[in-house]
Every structure is written in C-alpha cells, then in structure tokens.
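Participant: I'm passing along work-v7.txt; it holds compact mmCIF, C-alpha atoms.
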# COMPACT_ATOMS: atom_id res chain seq x y z
CA ALA A 392 48.54 32.55 -23.90
CA GLN A 393 51.79 30.57 -24.18
CA CYS A 394 53.00 33.08 -26.81
CA PRO A 395 54.40 30.32 -29.07
CA HIS A 396 57.33 30.99 -31.38
CA ASP A 397 56.64 28.09 -33.76
CA ILE A 398 54.02 30.01 -35.76
CA LYS A 399 55.33 30.50 -39.28
CA ASN A 400 53.23 33.55 -40.14
CA ILE A 401 52.41 36.25 -37.57
CA LYS A 402 50.10 39.15 -38.45
CA GLY A 403 50.84 38.81 -42.17
CA GLU A 404 54.63 38.50 -41.86
CA ALA A 405 56.76 35.38 -42.16
CA ASN A 406 58.49 34.53 -38.87
CA LEU A 407 61.87 34.09 -40.57
CA LEU A 408 64.17 35.98 -38.21
CA LYS A 409 66.43 33.53 -36.35
CA TRP A 410 64.28 30.61 -37.49
CA ASN A 411 65.69 27.48 -35.83
CA ASN A 412 64.96 24.26 -37.75
CA THR A 413 66.94 22.07 -35.37
CA ARG A 414 64.65 22.68 -32.40
CA VAL A 415 61.56 20.51 -31.82
CA PRO A 416 59.31 22.16 -32.76
CA PRO A 417 61.15 24.70 -34.99
CA VAL A 418 60.86 28.26 -33.66
CA GLY A 419 61.47 31.83 -34.79
CA HIS A 420 62.39 35.09 -33.06
CA PHE A 421 58.83 36.37 -32.67
CA GLY A 422 55.92 34.92 -30.77
CA ILE A 423 52.19 35.54 -30.79
CA CYS A 424 50.15 36.05 -27.61
CA CYS A 425 46.40 35.96 -27.04
CA ALA A 426 43.91 34.95 -24.36
CA GLU A 427 43.33 31.19 -24.04
CA ARG A 428 40.22 29.47 -22.71
CA ASP A 429 40.91 25.75 -22.26
CA ILE A 430 37.43 24.26 -22.20
CA TRP A 431 38.64 20.72 -21.62
CA GLU A 432 42.23 19.47 -21.53
CA ALA A 433 42.14 15.80 -20.73
CA ASN A 434 43.18 12.24 -21.33
CA SER A 435 41.77 9.09 -19.76
CA ARG A 436 43.63 9.71 -16.48
CA ALA A 437 43.32 13.41 -15.69
CA THR A 438 41.42 16.52 -16.72
CA ALA A 439 41.51 20.29 -16.26
CA TYR A 440 39.67 23.33 -17.51
CA THR A 441 41.60 26.58 -17.40
CA PRO A 442 41.26 30.28 -18.27
CA HIS A 443 44.44 32.15 -19.28
CA SER A 444 43.92 35.92 -19.31
CA CYS A 445 46.10 38.50 -21.06
CA SER A 446 46.56 42.17 -20.27
CA GLU A 447 46.59 43.17 -23.96
CA ARG A 448 43.49 43.18 -26.14
CA GLY A 449 43.42 40.67 -29.00
CA SER A 450 46.52 39.04 -30.45
CA THR A 451 49.93 40.57 -29.77
CA LYS A 452 53.12 39.99 -31.73
CA CYS A 453 55.85 39.67 -29.13
CA GLU A 454 59.60 39.48 -28.69
CA GLY A 455 61.82 39.38 -25.63
CA SER A 456 60.26 39.73 -22.20
CA VAL A 457 56.85 40.62 -23.64
CA CYS A 458 56.55 36.96 -24.66
CA GLY A 459 57.28 35.79 -21.12
CA GLU A 460 60.16 33.45 -21.94
CA THR A 461 60.24 30.71 -19.28
CA ALA A 462 63.75 29.55 -20.22
CA LYS A 463 65.06 33.09 -19.66
CA GLY A 464 63.37 33.50 -16.28
CA GLU A 465 60.78 35.91 -17.72
CA ARG A 466 57.66 33.72 -17.50
CA TYR A 467 55.74 36.28 -15.45
CA SER A 468 57.01 39.36 -17.30
CA GLY A 469 54.90 38.80 -20.42
CA VAL A 470 51.46 40.05 -21.37
CA CYS A 471 49.71 36.71 -20.77
CA ASP A 472 49.14 34.40 -17.82
CA LYS A 473 50.86 31.19 -18.89
CA ASP A 474 49.96 29.25 -15.74
CA GLY A 475 46.26 30.04 -15.88
CA CYS A 476 43.79 29.15 -13.14
CA ASP A 477 43.11 25.46 -13.64
CA PHE A 478 40.47 23.34 -11.99
CA ASN A 479 41.87 19.82 -11.96
CA PRO A 480 39.88 17.41 -9.71
CA TYR A 481 42.96 15.29 -8.91
CA ARG A 482 45.08 18.33 -8.07
CA THR A 483 42.37 19.87 -5.89
CA GLY A 484 41.93 16.78 -3.74
CA THR A 485 39.49 14.32 -5.34
CA LYS A 486 41.64 11.60 -6.90
CA SER A 487 38.71 9.20 -7.45
CA PHE A 488 36.56 11.65 -9.42
CA TYR A 489 37.86 11.21 -12.99
CA GLY A 490 39.58 8.20 -14.52
CA LYS A 491 39.30 4.97 -16.43
CA GLY A 492 37.02 2.39 -14.82
CA ALA A 493 33.84 1.94 -12.79
CA ASN A 494 35.55 2.99 -9.55
CA PHE A 495 35.67 6.61 -10.74
CA THR A 496 32.76 9.03 -10.54
CA VAL A 497 33.33 9.99 -14.20
CA ASP A 498 34.43 6.89 -16.13
CA THR A 499 36.61 7.79 -19.12
CA SER A 500 36.18 4.33 -20.66
CA LYS A 501 32.63 5.42 -21.63
CA PRO A 502 31.25 8.31 -23.69
CA MET A 503 30.35 11.44 -21.75
CA THR A 504 28.96 14.90 -22.29
CA VAL A 505 31.04 17.75 -20.90
CA VAL A 506 29.10 20.95 -20.12
CA THR A 507 30.57 24.35 -19.24
CA HIS A 508 28.58 27.33 -17.94
CA PHE A 509 29.89 30.89 -18.15
CA LEU A 510 28.15 33.07 -15.55
CA THR A 511 28.27 36.85 -15.17
CA HIS A 512 28.17 39.00 -12.04
CA ASP A 513 24.67 40.29 -12.81
CA GLY A 514 23.21 37.36 -14.75
CA THR A 515 23.11 39.24 -18.05
CA ASP A 516 25.06 38.77 -21.27
CA ALA A 517 26.54 42.24 -20.78
CA GLY A 518 27.88 41.50 -17.29
CA ASP A 519 31.46 40.72 -16.30
CA LEU A 520 32.43 37.05 -16.30
CA SER A 521 32.48 35.97 -12.65
CA GLU A 522 32.25 32.17 -12.59
CA VAL A 523 32.86 29.15 -14.83
CA LYS A 524 31.05 25.95 -13.85
CA ARG A 525 31.51 22.39 -15.10
CA PHE A 526 29.38 19.26 -15.00
CA TYR A 527 29.31 15.90 -16.77
CA MET A 528 26.49 13.80 -18.21
CA GLN A 529 27.03 10.03 -18.39
CA ASP A 530 24.91 6.88 -18.08
CA GLY A 531 21.73 8.81 -17.38
CA LYS A 532 23.26 10.90 -14.60
CA VAL A 533 24.35 14.50 -14.36
CA THR A 534 27.41 14.85 -12.13
CA GLU A 535 28.54 18.18 -10.74
CA ASN A 536 32.25 18.93 -10.79
CA SER A 537 34.27 17.73 -7.79
CA GLU A 538 34.75 19.95 -4.75
CA ALA A 539 38.13 21.60 -4.20
CA THR A 540 38.64 19.77 -0.91
CA VAL A 541 42.34 20.67 -0.70
CA LEU A 542 41.25 24.26 -0.03
CA GLY A 543 39.09 23.32 2.94
CA PRO A 544 35.33 23.19 3.48
CA SER A 545 33.03 25.26 1.26
CA ALA A 546 35.79 25.92 -1.26
CA GLY A 547 33.39 25.24 -4.11
CA ASN A 548 33.58 23.33 -7.37
CA SER A 549 33.85 26.12 -9.95
CA ILE A 550 36.34 28.71 -11.14
CA THR A 551 35.94 32.15 -9.59
CA ASP A 552 38.47 34.86 -8.80
CA GLU A 553 38.20 33.87 -5.14
CA PHE A 554 38.87 30.20 -5.94
CA CYS A 555 41.91 31.19 -8.01
CA SER A 556 43.33 33.38 -5.24
CA LYS A 557 42.87 30.66 -2.60
CA LYS A 558 44.35 27.97 -4.83
CA LYS A 559 47.40 30.05 -5.77
CA ALA A 560 48.02 30.83 -2.10
CA LYS A 561 47.61 27.19 -1.03
CA PHE A 562 49.95 25.91 -3.74
CA GLY A 563 52.50 28.70 -3.30
CA ASP A 564 52.06 29.91 -6.89
CA LEU A 565 52.33 33.47 -8.14
CA ASN A 566 48.84 34.75 -9.00
CA ALA A 567 49.59 35.91 -12.53
CA PHE A 568 45.94 35.23 -13.37
CA ALA A 569 44.82 38.14 -11.18
CA ALA A 570 47.69 40.33 -12.40
CA LYS A 571 46.58 39.88 -16.01
CA GLY A 572 42.94 40.77 -15.36
CA ALA A 573 41.46 37.49 -14.08
CA LEU A 574 37.97 36.44 -15.19
CA LYS A 575 36.92 39.93 -16.27
CA LYS A 576 39.63 40.02 -18.94
CA MET A 577 38.81 36.44 -19.92
CA GLY A 578 35.17 37.42 -20.40
CA GLU A 579 36.12 40.39 -22.56
CA ALA A 580 38.10 38.07 -24.84
CA LEU A 581 35.13 35.70 -25.09
CA ASP A 582 32.87 38.63 -25.98
CA ARG A 583 35.20 39.58 -28.84
CA GLY A 584 35.02 36.01 -30.16
CA MET A 585 37.43 33.10 -29.90
CA VAL A 586 38.30 30.24 -32.25
CA LEU A 587 37.32 26.71 -31.19
CA VAL A 588 40.22 24.30 -31.66
CA LEU A 589 39.89 20.52 -31.24
CA SER A 590 43.09 18.50 -31.16
CA LEU A 591 44.87 15.32 -30.14
CA TRP A 592 48.29 16.45 -29.00
CA ASP A 593 51.31 15.81 -26.83
CA ASP A 594 53.95 18.01 -25.25
CA THR A 595 57.60 17.92 -26.31
CA ASP A 596 58.61 20.41 -23.60
CA VAL A 597 57.38 18.82 -20.35
CA SER A 598 55.52 15.67 -21.49
CA MET A 599 52.09 16.87 -20.24
CA LEU A 600 53.24 16.51 -16.64
CA TRP A 601 51.32 19.71 -15.80
CA LEU A 602 48.11 17.76 -16.57
CA ASP A 603 48.53 14.20 -15.34
CA SER A 604 51.67 13.70 -13.23
CA ALA A 605 53.83 15.35 -10.57
CA TYR A 606 54.95 18.83 -11.67
CA LEU A 607 57.17 20.75 -11.10
CA THR A 608 59.63 17.86 -11.12
CA ASN A 609 61.99 19.52 -8.63
CA GLU A 610 59.22 19.71 -5.99
CA LEU A 611 58.21 17.01 -3.50
CA ALA A 612 55.14 15.13 -4.69
CA ASP A 613 53.37 15.58 -1.35
CA ARG A 614 53.49 19.36 -1.56
CA PRO A 615 49.95 20.71 -2.23
CA GLY A 616 49.33 21.23 -5.93
CA VAL A 617 52.28 19.21 -7.25
CA GLU A 618 50.35 16.01 -8.03
CA ARG A 619 48.04 16.65 -10.97
CA GLY A 620 47.32 13.05 -11.96
CA PRO A 621 48.44 9.41 -11.56
CA CYS A 622 50.82 9.15 -14.51
CA PRO A 623 54.42 8.17 -13.67
CA GLY A 624 56.33 10.85 -15.53
CA GLY A 625 59.82 10.13 -16.79
CA ALA A 626 60.35 8.23 -20.04
CA ALA A 627 56.87 6.67 -19.89
CA SER A 628 55.29 10.13 -20.29
CA GLU A 629 57.48 11.35 -23.14
CA PRO A 630 55.93 11.83 -26.61
CA LYS A 631 58.45 9.50 -28.28
CA TYR A 632 57.39 6.61 -26.02
CA LEU A 633 53.67 7.36 -26.23
CA ARG A 634 53.60 7.68 -30.02
CA SER A 635 55.42 4.39 -30.53
CA THR A 636 53.62 2.45 -27.78
CA PHE A 637 50.07 3.71 -28.34
CA PRO A 638 49.81 4.51 -32.07
CA GLU A 639 46.06 3.77 -31.99
CA SER A 640 45.32 6.61 -29.53
CA HIS A 641 42.24 8.54 -30.60
CA VAL A 642 39.40 10.74 -29.44
CA THR A 643 35.93 11.46 -30.83
CA PHE A 644 34.27 14.87 -30.41
CA SER A 645 30.62 15.12 -31.42
CA HIS A 646 27.38 17.04 -30.83
CA ILE A 647 29.21 20.28 -30.03
CA LYS A 648 26.74 22.97 -28.98
CA VAL A 649 26.91 26.59 -27.90
CA GLY A 650 23.92 28.45 -26.52
CA THR A 651 22.16 30.02 -23.58
CA ILE A 652 22.39 28.14 -20.30
CA GLY A 653 20.19 25.05 -20.39
CA SER A 654 19.62 25.13 -24.15
CA THR A 655 22.49 22.79 -25.06
CA THR A 656 21.26 20.04 -22.73
CA GLN A 657 17.72 19.96 -24.10
CA ASP A 658 16.19 17.36 -26.39
CA GLY A 659 14.89 18.21 -29.85
CA SER A 660 11.58 19.55 -28.49
CA GLY A 661 13.33 22.20 -26.40
CA ARG A 662 12.78 20.37 -23.13
CA ARG A 663 15.55 19.51 -20.70
CA MET A 664 16.86 16.00 -21.40
CA ASP A 665 14.60 13.38 -19.85
CA GLY A 666 15.94 10.30 -18.13
CA PHE A 667 18.89 12.01 -16.45
CA GLU A 668 19.29 11.80 -12.69
CA TYR A 669 20.97 14.90 -11.24
CA VAL A 670 23.54 13.95 -8.56
As structure tokens - that is how I would like this structure written.
Facilitator:
Amino acid sequence: AQCPHDIKNIKGEANLLKWNNTRVPPVGHFGICCAERDIWEANSRATAYTPHSCSERGSTKCEGSVCGETAKGERYSGVCDKDGCDFNPYRTGTKSFYGKGANFTVDTSKPMTVVTHFLTHDGTDAGDLSEVKRFYMQDGKVTENSEATVLGPSAGNSITDEFCSKKKAKFGDLNAFAAKGALKKMGEALDRGMVLVLSLWDDTDVSMLWLDSAYLTNELADRPGVERGPCPGGAASEPKYLRSTFPESHVTFSHIKVGTIGSTTQDGSGRRMDGFEYV
C-alpha cells in the first residue's frame, strides 16, 4: 500500500526510467500499489496489526499523484491508504500490555503464539470482512488483545470500521482507510489471495518511529496518538546505529497455520489446546 518505487521490475517491465542509484534505497519513476494486510509488525518494545485498503483491484503500476507521494504533499491522493488503521496497544492507551519483561501482560522475552481472526458481517466465508481480532498465547494462558482505553469505555479491542473512525477522529487523522473502502475492500483483497511475507527489517525513511516512538516528530508527545511506543527516537532509532550496535538481532517464526477459526489453535487430535487458561 506504500506504492514503493524501489521495485526493479513492475508488471514485466524494468523500472529504469529516472532510476536513482544515489538514493537509499535506489528508486525509479514508477511505483507499484496493492492492498497490504500487516498481520504483525513488532519488535520487543511495541506492536501493531494494520489493514491498508486500496480503491483499485489488485496491483496497480503508478506514477505521479496516483502513487500518493508523501514528499510532494500527495499522500492522500493515491489509490491506497498508506496510514492504514492500526491497532497498537501502546498508542491506544495500554502501555503495560506488550514489552520485554515480566511486568508486561505479553512478555516479548519469551516465545508466544500470535493469533488473528478475520470475521465477516454474516459469519460466512462469503460475507464482507467486518472485524479483525487478535489474541496471544503464552505460558499456558490465552490473552485477549488490550482495550482501546484512549477512546473511552467500551471502545473494544479489535479492528472494525467503527473503531477506525473513532480512532482517526480522536487522533485528528484523515480517515483515508474509509475513503479507500475500509474493511470491505481489505476483505476482497484477502479473498483474491495475498502473499505471506516474513521479514526482519528497518526503516531508512523514518526509523520505525511510526511503530515504537513518538511520531509525527513535529507534534507534542502528549497529543493523543503521537506516542506509539517507548523508544527514544533520534539517532538511537536510526538503522545505521541499530545495525552496528545490535548485529545479533534476530527473530524466529514457526508453526505458521491458516485455517477456519479455532482450527489453528487445536492439538494434533483436533481438540482445542489443553492446558491453556483463557484470561
């Protein structure tokens, strides 16, 4: 959904026009846009899961305002929602939910299972996507996602169109998610099929501040929605510093499952996992 320009081959054509080797990363004139479903963007300090809908079906080769160029003031003119509708526990008011150590509800110093449910408006596979739920399994306990306390009582702990609208209004953000089709469009993209990508990455543009620090940097940190995590920002969050200071950084993904709701958290006999306390 970010419509990147650093793709070397787009729809069978080399992206040679105005290719700029001096930029990091190198970029060309054209970009490529498509719906993006971030199942789990995280490090040991912060986490978010985010749908990014697009108004166009499938992948779109773009140029100019169709790409939604942020640097040119056209971020919201493109075919895709670059902001997305994220659910970040820290950003939505529960700073002690996810982090490294026993004082957090979900302790990132230990292995965990991350489960995501995609629910439709009528409970059938043919229905429109209407809700995306998250829970964690760790140390024999199943923990529901944190509540969005910043939005007031009964705000919920899942992604719905209503949650997205309330969050955008509270944070003073443009609701590009709704403008680009919201969860219905996201569900249509999932129905067509999406590629699962697993990666360990950093961000040369804004140093992942959108995930784990205060962002936008020209806003006061105490404004609702600005703080997304406890990281300091500045030089200590830049890729150059992180790569040289923490060269051993790693992640392990395993036991990846896709299936009907409840089937991926069953044991080998088809029963729901025994020994887990639901909290």
Participant: A:Gly403, A:Pro442, A:Gly492, A:Gly449: which is nearest A:Asp477, counting only C-alpha atoms?
Facilitator: A:Pro442
Participant: Interatomic distance between atom CA of A:Thr504 and atom CA of A:Phe644?
Facilitator: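 Between atom CA of A:Thr504 and atom CA of A:Phe644 the gap is 9.7 Å.
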Participant: So what do you get for atom CA of A:Gly572 versus atom CA of A:Lys648, distance-wise?
Facilitator: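 Pair atom CA of A:Gly572 / atom CA of A:Lys648 returns 27.7 Å.
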Participant: So which residues touch A:Gln393 within 12 Å, counting only C-alpha atoms, skipping near sequence neighbours fewer than 6 positions away, as an mmCIF file with C-alpha atoms, in the frame of the given file?
Facilitator:
data_model
loop_
_atom_site.group_PDB
_atom_site.id
_atom_site.type_symbol
_atom_site.label_atom_id
_atom_site.label_comp_id
_atom_site.auth_asym_id
_atom_site.auth_seq_id
_atom_site.Cartn_x
_atom_site.Cartn_y
_atom_site.Cartn_z
ATOM 1 C CA GLY A 422 55.920 34.920 -30.770
ATOM 2 C CA ILE A 423 52.190 35.540 -30.790
ATOM 3 C CA CYS A 424 50.150 36.050 -27.610
ATOM 4 C CA CYS A 425 46.400 35.960 -27.040
ATOM 5 C CA ALA A 426 43.910 34.950 -24.360
ATOM 6 C CA GLU A 427 43.330 31.190 -24.040
ATOM 7 C CA ARG A 428 40.220 29.470 -22.710
ATOM 8 C CA HIS A 443 44.440 32.150 -19.280
ATOM 9 C CA SER A 444 43.920 35.920 -19.310
ATOM 10 C CA CYS A 445 46.100 38.500 -21.060
ATOM 11 C CA SER A 450 46.520 39.040 -30.450
ATOM 12 C CA THR A 451 49.930 40.570 -29.770
ATOM 13 C CA CYS A 453 55.850 39.670 -29.130
ATOM 14 C CA VAL A 457 56.850 40.620 -23.640
ATOM 15 C CA CYS A 458 56.550 36.960 -24.660
ATOM 16 C CA GLY A 459 57.280 35.790 -21.120
ATOM 17 C CA GLU A 460 60.160 33.450 -21.940
ATOM 18 C CA THR A 461 60.240 30.710 -19.280
ATOM 19 C CA ARG A 466 57.660 33.720 -17.500
ATOM 20 C CA TYR A 467 55.740 36.280 -15.450
ATOM 21 C CA GLY A 469 54.900 38.800 -20.420
ATOM 22 C CA VAL A 470 51.460 40.050 -21.370
ATOM 23 C CA CYS A 471 49.710 36.710 -20.770
ATOM 24 C CA ASP A 472 49.140 34.400 -17.820
ATOM 25 C CA LYS A 473 50.860 31.190 -18.890
ATOM 26 C CA ASP A 474 49.960 29.250 -15.740
ATOM 27 C CA GLY A 475 46.260 30.040 -15.880
#
Participant: How many Å separate atom CA of A:Tyr440 from atom CA of A:Phe478?
Facilitator: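 Interatomic distance here is 5.6 Å.
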Participant: Using all atoms listed in the file, what table do you get, as a Markdown table, when you list each residue of stretch 561-583 of chain A with an atom no more than 9 Å from stretch 600-620 of chain A, its nearest pair of atoms, and their distance in Å rounded to one decimal, rows by chain then rising number?
Facilitator:
| residue | atom | partner | partner_atom | distance |
| --- | --- | --- | --- | --- |
| A:Lys561 | CA | A:Pro615 | CA | 7.0 |
| A:Phe562 | CA | A:Gly616 | CA | 5.2 |
| A:Gly563 | CA | A:Pro615 | CA | 8.5 |
Participant: Check the smallest atom-to-atom distance from each of A:Asp596, A:Asp397, A:Glu535, A:Asp552 to A:Val497 using all atoms listed in the file, then report the winner.
Facilitator: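 Looking only at the distances to A:Val497, the closest residue turns out to be A:Glu535.
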Participant: Fewer than 5 positions away in the same chain doesn't count, so skip those; otherwise give me all residues within 10 Å of A:Ser521, counting all atoms listed in the file, as a PyMOL selection string.
Facilitator: chain A and resi 509-514+550-553+573-575+577-578
